[in-house]
Structures are given as C-alpha cells and as structure tokens.
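S.K.: This is final-v7.cif (mmCIF, C-alpha atoms).
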```cif
data_data
loop_
_atom_site.label_atom_id
_atom_site.label_comp_id
_atom_site.auth_asym_id
_atom_site.auth_seq_id
_atom_site.Cartn_x
_atom_site.Cartn_y
_atom_site.Cartn_z
CA MET I 269 -67.43 33.32 -94.64
CA ASN I 270 -68.70 31.37 -91.60
CA ASP I 271 -68.19 32.53 -88.03
CA ARG I 272 -67.02 29.11 -87.00
CA CYS I 273 -65.05 26.11 -88.09
CA ASP I 274 -64.44 22.95 -86.05
CA ARG I 275 -60.73 23.18 -86.76
CA GLU I 276 -60.36 26.68 -85.35
CA ASP I 277 -59.14 25.54 -81.93
CA ASP I 278 -56.49 23.25 -83.50
CA LEU I 279 -55.39 26.11 -85.64
CA VAL I 280 -55.15 28.68 -82.85
CA ARG I 281 -53.20 26.28 -80.67
CA SER I 282 -50.83 25.20 -83.39
CA GLY I 283 -48.20 27.66 -82.16
CA ALA I 284 -45.80 29.74 -84.19
CA GLY I 285 -44.20 26.94 -86.23
CA PRO I 286 -45.35 25.41 -89.54
CA LEU I 287 -48.74 23.73 -89.56
CA PRO I 288 -49.12 19.96 -89.92
CA PRO I 289 -49.74 19.18 -93.61
CA GLU I 290 -53.29 18.06 -93.00
CA LEU I 291 -54.15 21.34 -91.23
CA GLU I 292 -52.32 23.27 -93.95
CA ARG I 293 -54.59 21.64 -96.57
CA HIS I 294 -57.63 22.51 -94.51
CA VAL I 295 -56.59 26.15 -94.23
CA ALA I 296 -56.10 26.32 -97.97
CA SER I 297 -59.74 25.34 -98.47
CA CYS I 298 -61.37 27.18 -95.54
CA GLY I 299 -61.68 30.95 -95.70
CA HIS I 300 -62.57 31.23 -92.03
CA CYS I 301 -59.49 29.36 -90.90
CA ALA I 302 -57.26 31.26 -93.31
CA SER I 303 -58.49 34.49 -91.77
CA VAL I 304 -58.00 33.17 -88.24
CA LEU I 305 -54.48 32.01 -89.02
CA ARG I 306 -53.45 35.31 -90.62
CA THR I 307 -54.84 37.30 -87.69
CA ALA I 308 -53.36 35.03 -85.04
CA ARG I 309 -49.89 35.04 -86.60
CA TRP I 310 -49.89 38.76 -87.11
CA LEU I 311 -51.02 39.40 -83.53
CA ARG I 312 -48.46 36.99 -82.09
CA ARG I 313 -45.60 38.59 -83.97
CA GLY I 314 -46.73 42.00 -82.78
CA ALA I 315 -47.12 40.73 -79.22
CA GLU I 316 -43.54 39.47 -79.19
CA ALA I 317 -42.36 42.87 -80.34
CA LEU I 318 -44.28 44.51 -77.50
CA ASP I 319 -42.23 42.94 -74.75
CA PRO I 320 -40.27 45.79 -73.15
CA GLY I 321 -37.97 43.52 -71.13
CA ASP I 322 -37.73 43.13 -67.39
CA GLU I 323 -35.91 46.27 -66.39
CA ILE I 324 -38.96 48.30 -65.33
CA SER I 325 -41.08 45.55 -63.91
CA ALA I 326 -41.67 45.22 -60.18
CA THR I 327 -40.13 42.06 -58.78
CA ALA I 328 -42.27 39.29 -57.40
CA SER I 329 -40.83 39.78 -53.92
CA SER I 330 -41.63 43.51 -53.86
CA LEU I 331 -45.16 42.75 -55.04
CA TYR I 332 -45.60 40.15 -52.34
CA TRP I 333 -44.38 42.59 -49.73
CA LYS I 334 -46.74 45.32 -50.98
CA ALA I 335 -49.64 42.88 -50.93
CA GLU I 336 -48.85 41.94 -47.35
CA LEU I 337 -48.78 45.62 -46.34
CA ARG I 338 -52.08 46.21 -48.10
CA ARG I 339 -53.63 43.19 -46.42
CA GLN I 340 -52.52 44.41 -43.00
CA TYR I 341 -53.86 47.87 -43.74
CA GLU I 342 -57.21 46.44 -44.88
CA VAL I 343 -57.43 44.26 -41.76
CA ARG I 344 -56.80 47.31 -39.56
CA GLN I 345 -59.38 49.33 -41.47
CA SER I 346 -61.89 46.55 -41.12
CA ARG I 347 -61.31 46.30 -37.36
CA ALA I 348 -61.57 50.05 -36.96
CA ALA I 349 -64.88 49.98 -38.83
CA THR I 350 -66.17 47.26 -36.47
CA VAL I 351 -65.19 49.33 -33.42
CA ARG I 352 -66.83 52.42 -34.96
CA ARG I 353 -70.05 50.49 -35.52
CA ALA I 354 -70.00 49.13 -31.94
CA LEU I 355 -69.40 52.61 -30.52
CA GLY I 356 -72.27 54.03 -32.55
CA LEU I 357 -74.57 51.29 -31.27
CA GLY I 358 -73.37 51.86 -27.70
CA ARG I 359 -74.05 55.57 -27.98
CA ALA I 360 -77.55 54.96 -29.27
CA TRP I 361 -78.25 52.62 -26.37
CA ALA I 362 -76.81 55.10 -23.89
CA ALA I 363 -78.99 57.87 -25.29
CA ALA I 364 -82.10 55.69 -24.98
CA LEU I 365 -81.26 54.71 -21.43
CA LEU I 366 -80.50 58.28 -20.53
CA ALA I 367 -83.86 59.44 -21.84
CA THR I 368 -85.61 56.70 -19.84
CA GLY I 369 -83.64 57.65 -16.72
CA LEU I 370 -84.54 61.30 -17.10
CA ILE I 371 -88.23 60.52 -17.41
CA LEU I 372 -88.08 58.31 -14.30
CA GLY I 373 -86.08 60.96 -12.44
CA VAL I 374 -88.61 63.68 -13.22
CA ARG I 375 -91.44 61.39 -12.19
CA PHE I 376 -89.58 60.63 -8.95
CA LEU I 377 -89.10 64.31 -8.14
CA VAL I 378 -92.70 65.20 -8.96
CA GLY I 379 -93.98 62.27 -6.88
CA LEU I 380 -91.69 63.12 -3.99
CA ALA I 381 -92.71 66.74 -4.01
CA HIS I 382 -96.35 65.73 -4.14
CA ALA I 383 -95.95 63.25 -1.27
CA VAL I 384 -94.09 65.69 0.94
CA LEU I 385 -95.86 68.93 0.11
CA ALA I 386 -99.40 67.96 -0.82
CA ASP I 387 -100.66 65.19 1.42
CA GLY I 388 -97.68 64.73 3.72
CA THR I 389 -97.89 60.94 3.52
CA LEU I 390 -95.35 58.62 1.92
CA SER I 391 -95.41 54.87 2.41
CA ARG I 392 -92.16 53.00 2.87
CA ASP I 393 -92.63 51.10 -0.43
CA ASP I 394 -93.30 54.27 -2.37
CA LEU I 395 -90.23 55.86 -0.93
CA ALA I 396 -88.08 52.81 -1.84
CA ILE I 397 -89.32 52.79 -5.42
CA ARG I 398 -88.78 56.47 -5.87
CA LEU I 399 -85.32 56.32 -4.34
CA ALA I 400 -84.40 53.43 -6.67
CA ALA I 401 -85.54 55.47 -9.66
CA GLY I 402 -83.45 58.37 -8.45
CA VAL I 403 -80.37 56.19 -8.03
CA LEU I 404 -80.87 54.73 -11.49
CA THR I 405 -81.11 58.21 -12.96
CA LEU I 406 -77.92 59.29 -11.27
CA GLY I 407 -76.19 56.11 -12.37
CA LEU I 408 -77.17 56.66 -15.96
CA LEU I 409 -76.07 60.25 -15.92
CA THR I 410 -72.74 59.20 -14.45
CA GLY I 411 -72.39 56.47 -17.08
CA TRP I 412 -73.10 58.92 -19.84
CA ALA I 413 -70.51 61.32 -18.48
CA VAL I 414 -67.92 58.52 -18.27
CA LEU I 415 -68.68 57.48 -21.83
CA ARG I 416 -68.20 61.03 -23.05
CA ARG I 417 -64.94 61.20 -21.17
CA LEU I 418 -63.75 57.98 -22.78
CA ARG I 419 -64.63 59.24 -26.25
CA SER I 420 -62.69 62.45 -25.89
CA PRO I 421 -59.08 62.24 -27.08
CA MET Z 274 -60.99 40.20 -44.53
CA THR Z 275 -58.37 37.50 -44.99
CA GLU Z 276 -55.90 36.66 -42.26
CA ARG Z 277 -53.24 35.80 -44.84
CA LEU Z 278 -52.55 36.27 -48.54
CA ALA Z 279 -54.15 34.01 -51.13
CA LEU Z 280 -50.82 32.38 -52.04
CA SER Z 281 -47.65 31.44 -50.25
CA GLU Z 282 -44.54 33.35 -51.26
CA GLU Z 283 -43.20 30.37 -53.16
CA SER Z 284 -46.43 29.76 -55.09
CA PHE Z 285 -46.70 33.43 -55.92
CA PHE Z 286 -43.14 33.58 -57.25
CA GLU Z 287 -43.87 30.60 -59.44
CA LEU Z 288 -47.10 32.12 -60.75
CA HIS Z 289 -45.41 35.47 -61.31
CA ALA Z 290 -42.56 33.89 -63.24
CA ARG Z 291 -45.03 32.02 -65.42
CA SER Z 292 -47.42 34.84 -66.12
CA HIS Z 293 -45.93 38.30 -65.81
CA ARG Z 294 -44.43 38.65 -69.28
CA SER Z 295 -47.53 37.56 -71.14
CA LEU Z 296 -49.81 39.54 -68.85
CA ARG Z 297 -47.71 42.66 -69.32
CA ARG Z 298 -47.74 42.30 -73.09
CA TYR Z 299 -51.50 41.82 -72.91
CA LEU Z 300 -51.89 45.02 -70.89
CA ILE Z 301 -49.61 46.98 -73.23
CA GLY Z 302 -51.73 45.75 -76.12
CA MET Z 303 -54.92 46.74 -74.30
CA THR Z 304 -53.78 50.17 -73.09
CA GLY Z 305 -51.15 51.22 -75.60
CA SER Z 306 -48.90 52.45 -72.79
CA VAL Z 307 -46.03 50.63 -71.12
CA GLU Z 308 -46.30 52.76 -67.96
CA LEU Z 309 -50.03 52.25 -67.59
CA ALA Z 310 -49.65 48.55 -68.34
CA GLU Z 311 -47.04 48.29 -65.59
CA GLU Z 312 -49.32 50.03 -63.13
CA LEU Z 313 -52.26 47.77 -63.97
CA LEU Z 314 -50.02 44.72 -63.90
CA GLN Z 315 -48.92 45.45 -60.34
CA GLU Z 316 -52.48 46.16 -59.25
CA SER Z 317 -53.63 42.88 -60.81
CA TYR Z 318 -51.10 40.91 -58.78
CA LEU Z 319 -51.92 42.82 -55.60
CA ARG Z 320 -55.61 42.10 -56.04
CA LEU Z 321 -54.89 38.48 -56.74
CA LEU Z 322 -52.89 38.16 -53.53
CA THR Z 323 -55.31 40.07 -51.32
CA ARG Z 324 -58.67 39.03 -52.76
CA ALA Z 325 -58.49 35.77 -54.69
CA PRO Z 326 -59.98 32.71 -53.02
CA GLY Z 327 -57.16 30.57 -51.63
CA SER Z 328 -58.57 27.42 -53.20
CA LEU Z 329 -57.79 28.28 -56.83
CA ALA Z 330 -55.36 26.08 -58.76
CA GLN Z 331 -52.59 27.60 -60.94
CA PRO Z 332 -54.50 27.67 -64.27
CA GLN Z 333 -57.48 29.24 -62.53
CA LEU Z 334 -55.20 31.80 -60.92
CA VAL Z 335 -53.88 32.81 -64.34
CA ARG Z 336 -57.43 33.25 -65.61
CA TYR Z 337 -58.26 35.20 -62.44
CA LEU Z 338 -55.31 37.49 -63.23
CA TYR Z 339 -56.55 38.12 -66.76
CA THR Z 340 -60.04 38.80 -65.45
CA VAL Z 341 -58.75 41.34 -62.94
CA ALA Z 342 -56.42 42.95 -65.49
CA THR Z 343 -59.23 43.25 -68.04
CA ARG Z 344 -61.53 44.85 -65.48
CA LEU Z 345 -58.84 47.26 -64.37
CA ALA Z 346 -58.19 48.32 -67.97
CA ASN Z 347 -61.94 48.72 -68.51
CA ASP Z 348 -62.30 50.79 -65.35
CA HIS Z 349 -59.37 52.93 -66.33
CA PHE Z 350 -60.80 53.80 -69.71
CA ARG Z 351 -64.28 54.30 -68.33
CA ARG Z 352 -63.01 56.58 -65.59
CA ARG Z 353 -60.67 58.64 -67.67
CA LYS Z 354 -62.54 58.48 -70.98
CA VAL Z 355 -59.21 58.39 -72.72
CA GLU Z 356 -59.86 55.61 -75.18
CA ALA Z 357 -60.18 58.13 -78.00
CA ARG Z 358 -56.66 59.37 -77.32
CA TRP Z 359 -55.24 55.86 -77.12
CA GLN Z 360 -53.51 55.87 -80.48
CA ALA Z 361 -51.50 59.01 -79.88
CA SER Z 362 -49.53 57.50 -77.05
CA ALA Z 363 -49.43 54.07 -78.64
CA ALA Z 364 -47.75 54.81 -81.90
CA GLY Z 365 -46.13 58.16 -81.75
CA ASP Z 366 -42.52 57.53 -82.76
CA PRO Z 367 -41.51 56.66 -86.28
CA ALA Z 368 -40.48 53.03 -86.59
CA ARG Z 369 -36.78 52.19 -86.73
CA ASP Z 370 -36.25 48.44 -86.96
CA GLU Z 371 -38.45 45.49 -87.87
CA ALA Z 372 -39.56 44.80 -84.30
CA GLU Z 373 -40.53 48.38 -83.88
CA VAL Z 374 -42.46 48.32 -87.14
CA GLU Z 375 -44.38 45.30 -85.85
CA ARG Z 376 -44.98 47.00 -82.52
CA SER Z 377 -46.01 50.27 -84.06
CA ASP Z 378 -48.35 48.61 -86.60
CA LEU Z 379 -49.90 46.45 -83.92
CA LEU Z 380 -50.55 49.30 -81.52
CA ARG Z 381 -51.88 51.56 -84.24
CA ALA Z 382 -54.27 48.87 -85.45
CA LEU Z 383 -55.35 47.86 -81.95
CA GLY Z 384 -55.95 51.50 -81.11
CA ARG Z 385 -58.65 51.61 -83.77
CA LEU Z 386 -60.54 48.77 -82.14
CA THR Z 387 -62.67 49.02 -79.02
CA LEU Z 388 -61.22 47.71 -75.80
CA ARG Z 389 -63.53 44.71 -75.96
CA GLN Z 390 -62.44 43.88 -79.51
CA ARG Z 391 -58.78 44.16 -78.53
CA THR Z 392 -59.36 41.96 -75.51
CA LEU Z 393 -61.19 39.30 -77.49
CA LEU Z 394 -58.59 39.10 -80.23
CA TRP Z 395 -55.70 39.03 -77.81
CA LEU Z 396 -57.12 36.40 -75.51
CA ALA Z 397 -58.14 34.19 -78.42
CA TYR Z 398 -55.10 34.47 -80.67
CA VAL Z 399 -52.17 35.49 -78.52
CA GLU Z 400 -53.06 33.79 -75.24
CA GLU Z 401 -54.80 30.97 -77.11
CA LEU Z 402 -57.66 30.73 -74.64
CA SER Z 403 -60.78 28.80 -75.55
CA HIS Z 404 -64.07 30.58 -76.13
CA ARG Z 405 -65.28 29.24 -72.80
CA GLU Z 406 -62.30 30.69 -70.95
CA ILE Z 407 -62.73 34.04 -72.69
CA ALA Z 408 -66.42 34.00 -71.82
CA GLY Z 409 -65.48 33.53 -68.16
CA ILE Z 410 -63.00 36.40 -68.21
CA LEU Z 411 -65.26 38.85 -70.03
CA ASP Z 412 -68.46 37.71 -68.36
CA LEU Z 413 -70.10 36.88 -71.69
CA GLY Z 414 -71.83 33.83 -73.14
CA GLU Z 415 -69.80 31.46 -75.28
CA ARG Z 416 -71.92 32.18 -78.33
CA SER Z 417 -71.45 35.89 -77.85
CA VAL Z 418 -67.70 35.38 -77.71
CA ARG Z 419 -67.75 33.52 -81.02
CA VAL Z 420 -69.85 36.15 -82.75
CA LEU Z 421 -67.96 39.12 -81.27
CA LEU Z 422 -64.62 37.51 -82.01
CA ALA Z 423 -65.51 36.98 -85.66
CA ARG Z 424 -66.70 40.57 -85.87
CA SER Z 425 -63.51 41.83 -84.21
CA ARG Z 426 -61.36 39.81 -86.58
CA ARG Z 427 -63.17 41.20 -89.61
CA ARG Z 428 -62.80 44.70 -88.23
CA LEU Z 429 -59.07 44.19 -87.69
CA GLU Z 430 -58.64 42.81 -91.19
CA LYS Z 431 -60.42 45.84 -92.59
CA ILE Z 432 -58.19 48.17 -90.61
CA LEU Z 433 -55.09 46.36 -91.82
CA ARG Z 434 -56.25 46.45 -95.41
CA GLU Z 435 -57.01 50.16 -95.17
CA SER Z 436 -53.65 50.97 -93.64
CA GLY Z 437 -51.75 48.66 -95.96
CA VAL Z 438 -50.31 46.62 -93.11
CA ASP Z 439 -51.71 43.28 -94.21
CA ARG Z 440 -49.28 42.79 -97.08
CA GLY Z 441 -46.62 41.07 -95.04
CA ARG Z 442 -48.85 39.22 -92.65
CA ASP Z 443 -48.33 35.73 -93.91
CA ARG Z 444 -44.60 35.71 -93.52
#
```
Represent the structure from my file as structure tokens, please.

M.R.:
Amino acid sequence: MNDRCDREDDLVRSGAGPLPPELERHVASCGHCASVLRTARWLRRGAEALDPGDEISATASSLYWKAELRRQYEVRQSRAATVRRALGLGRAWAAALLATGLILGVRFLVGLAHAVLADGTLSRDDLAIRLAAGVLTLGLLTGWAVLRRLRSP
Amino acid sequence: MTERLALSEESFFELHARSHRSLRRYLIGMTGSVELAEELLQESYLRLLTRAPGSLAQPQLVRYLYTVATRLANDHFRRRKVEARWQASAAGDPARDEAEVERSDLLRALGRLTLRQRTLLWLAYVEELSHREIAGILDLGERSVRVLLARSRRRLEKILRESGVDRGRDR
C-alpha cells in the first residue's frame, strides 16, 4: 500500500456524511484511501464520544481575567528584574569609585605627612590638589554610606 | 513584556467559542485524562493571551493554540514520565453504553500509540488539518508528516485488529 494518494485530502475533508459517488468509487479501488477513511471515521466517532460537556470547563471570561492577572504579574516581575539589574550595576560602580577614592585618600595622607613632617614645604597647588582628593574621598565614602542606607529595608 | 493581552475580550470570546470543544477533545485524546486535559486547555489559552503575537489572524490563532497544547502535553509527559501509565487512567471503567464503548476503545487504542502518533492521527483525521499545517504544529517537515502519519495509521490498524475493535469501524 502506498503512503500517499492525491485524493487523500478530499477524503479527509469529506466530513462525516456519505461520500460523493465518484470518491466512493475511488475508495473502493484504492487501499490507501480505504485505510485512511476507516481510520478517520473511527477516530471521529471516538472523538465525539470524548466530549465531556461544558460543566467543568473554565469560562472564557474567567480565562481572560486570569490571563490579565498573569500579564500584570509578569510585567511587575520584569520591572523588578530591571531594577535589580540597575542596582547591581550601581553597586559595582560604587565599589569601583570607592576603591579609587581610598587609593587617592591614602596617597593624599601620605603626601601630606611627607610635606609637613619631612621637608616642611608644601606649595599652594600641591595643597589644593591634595585637599581635593581628600574631599573626593570623603564624598565617596558618604555616598557609599547613603547607598547602603537606601538598600536596607 | 506586552502592555496588553494578545486579543481583545471580544475576539478572545469568539475564538474560545469556536475552539474550546475541539481543543479539549484533542487534549483528552492526547492525555487520556479529562482533568489533565482541562488543565492543559486553560494553560494553552493563557499562553495564547499572554504570549501570542497580536498580529495573528483567527485561523493562525487556532493553529497557535494547537501548537501550544501539543507542546504542553509533550512537556507534561516528558517531565512526569507517565506515558507508560497512560492507559490505566484512560480506560479503567467497564463500558456501559455505545458512546462509552467508543470512548473506551478509542482511549485504549490511543494509549498504545506514542504521543506523536496520537497527535499526528488526531490532527490529520479529526481536526482535518493539512500535512503542511501539521508540520507547522509539530515542527516537522511535510514529508516526515506524511511518512509518520502512514506509519501511525498502520500501527493503529494493527492495534485495532489485535484488540478486535476494527470489526465495527465502517458503520
């Protein structure tokens, strides 16, 4: 028996009623189509018997409502994930800046100690630069503390 | 993430009215359980509403539903590995009337096929989808659908012959 016959589609879509005579003649002479027809009819009859009625099925309106709730939940989850990613990035940046500030602060203190204790000379420009580094360090430390405060519940 | 559902309420009600009975029967045939079919049916509609592209026309939406339902049934069986126990829940009670005989015979026979074979036979002969449409739903080539469908049909015929069910099939 072949796996295919050109009339198969006509046959499958012929519905549950009697076949047109011409198709009936074809089925009588084509083993493939006879097999398809027997299987299709048997499956369709069984499928009709499977229908359990409407009593247990969720209504369209309750499904629509559930879908809307799920959509809102997914939107909220998605936004929360975006905020979590942004916070993580912000924390990484803050840590990098803090490390830079600490290095500059240490350098400032070492330089200041050297200028005051070792040679006793400190130009005005040097002092300005070192003070700026100190202020930046303090600013970063304060920022970090504020960020930690904001994160805590 | 979408800012609104894929369909308006009105369009969804129309689609639901057109499709839910046949889709539920399909899922009962695939799973052998009314309760499980109901669960998968609801999930299929929820996924359609929350994930389907808004541009799909009604016939495409129905195919989308069948695709989702088929995948959900596949996932269920893969996850739970319960396919082997399918028949027990499908055809437990002794048949009482003619409709129940049909139902019982159908579920018992389908339970001896693989999920893919059941899906192919159902989509082709109950839903009357073309090979191309089935190929889209099952993510197969058209030629594969033809070959697998013929094989599934032969397997079903063999099962029916063995169990003596085929005698009244041409009524």

S.K.: Residues of chain Z within 6 Å of chain I, counting only C-alpha atoms, what are they? List them as a PyMOL selection string.

M.R.: chain Z and resi 286+298+319+372+375-376+379+398-399+423+442

S.K.: Could those residues be written to a file, using C-alpha atoms, as an mmCIF file, keeping the file's coordinate frame?

M.R.:
```
data_model
loop_
_atom_site.group_PDB
_atom_site.id
_atom_site.type_symbol
_atom_site.label_atom_id
_atom_site.label_comp_id
_atom_site.auth_asym_id
_atom_site.auth_seq_id
_atom_site.Cartn_x
_atom_site.Cartn_y
_atom_site.Cartn_z
ATOM 1 C CA PHE Z 286 -43.140 33.580 -57.250
ATOM 2 C CA ARG Z 298 -47.740 42.300 -73.090
ATOM 3 C CA LEU Z 319 -51.920 42.820 -55.600
ATOM 4 C CA ALA Z 372 -39.560 44.800 -84.300
ATOM 5 C CA GLU Z 375 -44.380 45.300 -85.850
ATOM 6 C CA ARG Z 376 -44.980 47.000 -82.520
ATOM 7 C CA LEU Z 379 -49.900 46.450 -83.920
ATOM 8 C CA TYR Z 398 -55.100 34.470 -80.670
ATOM 9 C CA VAL Z 399 -52.170 35.490 -78.520
ATOM 10 C CA ALA Z 423 -65.510 36.980 -85.660
ATOM 11 C CA ARG Z 442 -48.850 39.220 -92.650
#
```

S.K.: For the atom pair CA of Thr343 (chain Z) and CA of Arg291 (chain Z), what is the interatomic distance in Å to one decimal place?

M.R.: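 For CA of Thr343 (chain Z) relative to CA of Arg291 (chain Z), the distance reads 18.3 Å.
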
S.K.: Do you know which residues the PyMOL selection byres ((chain Z and resi 301) around 10) returns on this file, as a list of chain:residue names?

M.R.: I:Ala315, I:Leu318, I:Asp319, I:Pro320, Z:Ser295, Z:Leu296, Z:Arg297, Z:Arg298, Z:Tyr299, Z:Leu300, Z:Gly302, Z:Met303, Z:Thr304, Z:Gly305, Z:Ser306, Z:Val307, Z:Glu308, Z:Leu309, Z:Ala310, Z:Glu311, Z:Leu313, Z:Leu314, Z:Ala363, Z:Leu380

S.K.: To one decimal place, how far is CA of His404 (chain Z) from CA of Arg419 (chain Z) in Å?

M.R.: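 Result for CA of His404 (chain Z) versus CA of Arg419 (chain Z): 6.8 Å, one decimal.
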
S.K.: Quick check, in Å to one decimal: how far apart do CA of Gly327 (chain Z) and CA of Leu280 (chain Z) lie?

M.R.: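 Between CA of Gly327 (chain Z) and CA of Leu280 (chain Z) the gap works out to 6.6 Å.
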
S.K.: Rank nothing, just name the residue among I:Ala400, I:Ala381, I:Val351, I:Ala362 nearest to Ala413 (chain I), using only C-alpha atoms.

M.R.: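 The answer is I:Ala362, which sits nearest to Ala413 (chain I).
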
S.K.: Could you give me, as a list in words, the residues within 12 Å of region 357-361 of chain I, counting all atoms listed in the file and dropping anything in the same chain fewer than 3 positions from it?

M.R.: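 The residues that qualify are Thr350, Val351, Arg352, Arg353, Ala354, Ala364, Leu365, Leu366, Ala367, Thr368, Leu408, Gly411, Trp412, Ala413, Val414, Leu415, Arg416, Leu418 and Arg419 of chain I.
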
S.K.: Looking at Z:Leu278, Z:Ala290, Z:Ile410, Z:Leu383, which one is nearest to Tyr339 (chain Z), with distances taken over all atoms listed in the file?

M.R.: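 Once distances to Tyr339 (chain Z) are computed over all atoms listed in the file, the minimum belongs to Z:Ile410.
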
S.K.: Please give the centre and size of the box around region 344-353 of chain Z (axis-aligned, containing every atom listed in the file, 4 Å added per side), with values in Å to one decimal and written as lines of an AutoDock Vina configuration file.

M.R.:
```
center_x = -61.2
center_y = 51.7
center_z = -67.0
size_x = 14.1
size_y = 21.8
size_z = 13.3
```

S.K.: Between Z:Ala382, Z:Leu421, Z:Leu288, Z:Leu321, which one has atoms that come closest to Ile407 (chain Z), using all atoms listed in the file?

M.R.: Z:Leu421

S.K.: Please identify all polymer residues within 12 Å of Glu406 (chain Z), counting all atoms listed in the file, omitting same-chain residues fewer than 4 positions from it, and present them as a list of chain:residue names.

M.R.: Z:Pro332, Z:Gln333, Z:Val335, Z:Arg336, Z:Tyr337, Z:Tyr339, Z:Thr340, Z:Leu393, Z:Leu396, Z:Ala397, Z:Glu400, Z:Glu401, Z:Leu402, Z:Ile410, Z:Leu411, Z:Asp412, Z:Leu413, Z:Gly414, Z:Glu415, Z:Val418, Z:Arg419

S.K.: Counting all atoms listed in the file, note down every residue that has an atom within 12 Å of the point (-62.6, 45.2, -90.9) (file coordinates), as a list in words.

M.R.: Ser303 and Thr307 of chain I; Ala382, Leu383, Arg385, Leu386, Gln390, Leu422, Ala423, Arg424, Ser425, Arg426, Arg427, Arg428, Leu429, Glu430, Lys431, Ile432, Leu433, Arg434, Glu435, Ser436 and Asp439 of chain Z

S.K.: Using only C-alpha atoms for the distances, tell me which of I:Gly299, I:Gly407, I:Gly402, I:Pro286 is nearest to Ile371 (chain I).

M.R.: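 With only C-alpha atoms as the atom set, the closest residue is I:Gly402.
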
S.K.: Could you pull region 364-380 of chain I out of the structure I just pasted and write it to a file containing N, CA, C and O atoms, as a PDB file, in the first residue's frame?

M.R.:
```
ATOM      1  N   ALA I 364      33.804  50.434  42.661  1.00  0.00           N
ATOM      2  CA  ALA I 364      34.992  50.857  41.911  1.00  0.00           C
ATOM      3  C   ALA I 364      35.400  52.276  42.304  1.00  0.00           C
ATOM      4  O   ALA I 364      36.591  52.572  42.520  1.00  0.00           O
ATOM      5  N   LEU I 365      34.407  53.145  42.407  1.00  0.00           N
ATOM      6  CA  LEU I 365      34.707  54.524  42.782  1.00  0.00           C
ATOM      7  C   LEU I 365      35.259  54.603  44.205  1.00  0.00           C
ATOM      8  O   LEU I 365      36.185  55.366  44.490  1.00  0.00           O
ATOM      9  N   LEU I 366      34.711  53.793  45.054  1.00  0.00           N
ATOM     10  CA  LEU I 366      35.167  53.787  46.439  1.00  0.00           C
ATOM     11  C   LEU I 366      36.623  53.352  46.516  1.00  0.00           C
ATOM     12  O   LEU I 366      37.447  53.971  47.224  1.00  0.00           O
ATOM     13  N   ALA I 367      36.956  52.312  45.761  1.00  0.00           N
ATOM     14  CA  ALA I 367      38.343  51.837  45.764  1.00  0.00           C
ATOM     15  C   ALA I 367      39.262  52.930  45.259  1.00  0.00           C
ATOM     16  O   ALA I 367      40.331  53.192  45.842  1.00  0.00           O
ATOM     17  N   THR I 368      38.858  53.612  44.175  1.00  0.00           N
ATOM     18  CA  THR I 368      39.676  54.716  43.638  1.00  0.00           C
ATOM     19  C   THR I 368      39.832  55.814  44.693  1.00  0.00           C
ATOM     20  O   THR I 368      40.935  56.344  44.909  1.00  0.00           O
ATOM     21  N   GLY I 369      38.737  56.166  45.337  1.00  0.00           N
ATOM     22  CA  GLY I 369      38.760  57.217  46.363  1.00  0.00           C
ATOM     23  C   GLY I 369      39.676  56.851  47.512  1.00  0.00           C
ATOM     24  O   GLY I 369      40.436  57.704  48.008  1.00  0.00           O
ATOM     25  N   LEU I 370      39.660  55.602  47.897  1.00  0.00           N
ATOM     26  CA  LEU I 370      40.514  55.178  49.009  1.00  0.00           C
ATOM     27  C   LEU I 370      41.991  55.289  48.640  1.00  0.00           C
ATOM     28  O   LEU I 370      42.817  55.751  49.440  1.00  0.00           O
ATOM     29  N   ILE I 371      42.289  54.871  47.414  1.00  0.00           N
ATOM     30  CA  ILE I 371      43.694  54.968  46.968  1.00  0.00           C
ATOM     31  C   ILE I 371      44.142  56.429  46.981  1.00  0.00           C
ATOM     32  O   ILE I 371      45.212  56.784  47.495  1.00  0.00           O
ATOM     33  N   LEU I 372      43.286  57.301  46.414  1.00  0.00           N
ATOM     34  CA  LEU I 372      43.632  58.736  46.379  1.00  0.00           C
ATOM     35  C   LEU I 372      43.749  59.290  47.790  1.00  0.00           C
ATOM     36  O   LEU I 372      44.643  60.100  48.088  1.00  0.00           O
ATOM     37  N   GLY I 373      42.858  58.864  48.681  1.00  0.00           N
ATOM     38  CA  GLY I 373      42.886  59.352  50.060  1.00  0.00           C
ATOM     39  C   GLY I 373      44.174  58.967  50.765  1.00  0.00           C
ATOM     40  O   GLY I 373      44.798  59.788  51.442  1.00  0.00           O
ATOM     41  N   VAL I 374      44.579  57.705  50.571  1.00  0.00           N
ATOM     42  CA  VAL I 374      45.825  57.247  51.198  1.00  0.00           C
ATOM     43  C   VAL I 374      47.011  58.035  50.657  1.00  0.00           C
ATOM     44  O   VAL I 374      47.889  58.501  51.401  1.00  0.00           O
ATOM     45  N   ARG I 375      46.971  58.215  49.328  1.00  0.00           N
ATOM     46  CA  ARG I 375      48.078  58.980  48.711  1.00  0.00           C
ATOM     47  C   ARG I 375      48.101  60.400  49.272  1.00  0.00           C
ATOM     48  O   ARG I 375      49.164  60.970  49.526  1.00  0.00           O
ATOM     49  N   PHE I 376      46.917  60.992  49.441  1.00  0.00           N
ATOM     50  CA  PHE I 376      46.831  62.344  49.988  1.00  0.00           C
ATOM     51  C   PHE I 376      47.442  62.400  51.393  1.00  0.00           C
ATOM     52  O   PHE I 376      48.254  63.276  51.707  1.00  0.00           O
ATOM     53  N   LEU I 377      47.073  61.438  52.229  1.00  0.00           N
ATOM     54  CA  LEU I 377      47.561  61.454  53.608  1.00  0.00           C
ATOM     55  C   LEU I 377      49.075  61.248  53.670  1.00  0.00           C
ATOM     56  O   LEU I 377      49.780  61.943  54.416  1.00  0.00           O
ATOM     57  N   VAL I 378      49.547  60.298  52.840  1.00  0.00           N
ATOM     58  CA  VAL I 378      50.999  60.048  52.811  1.00  0.00           C
ATOM     59  C   VAL I 378      51.729  61.296  52.347  1.00  0.00           C
ATOM     60  O   VAL I 378      52.727  61.739  52.934  1.00  0.00           O
ATOM     61  N   GLY I 379      51.218  61.907  51.276  1.00  0.00           N
ATOM     62  CA  GLY I 379      51.852  63.119  50.715  1.00  0.00           C
ATOM     63  C   GLY I 379      51.842  64.271  51.724  1.00  0.00           C
ATOM     64  O   GLY I 379      52.848  64.984  51.890  1.00  0.00           O
ATOM     65  N   LEU I 380      50.690  64.390  52.404  1.00  0.00           N
ATOM     66  CA  LEU I 380      50.565  65.486  53.372  1.00  0.00           C
ATOM     67  C   LEU I 380      51.540  65.292  54.542  1.00  0.00           C
ATOM     68  O   LEU I 380      52.249  66.238  54.953  1.00  0.00           O
TER      69      LEU I 380
END
```
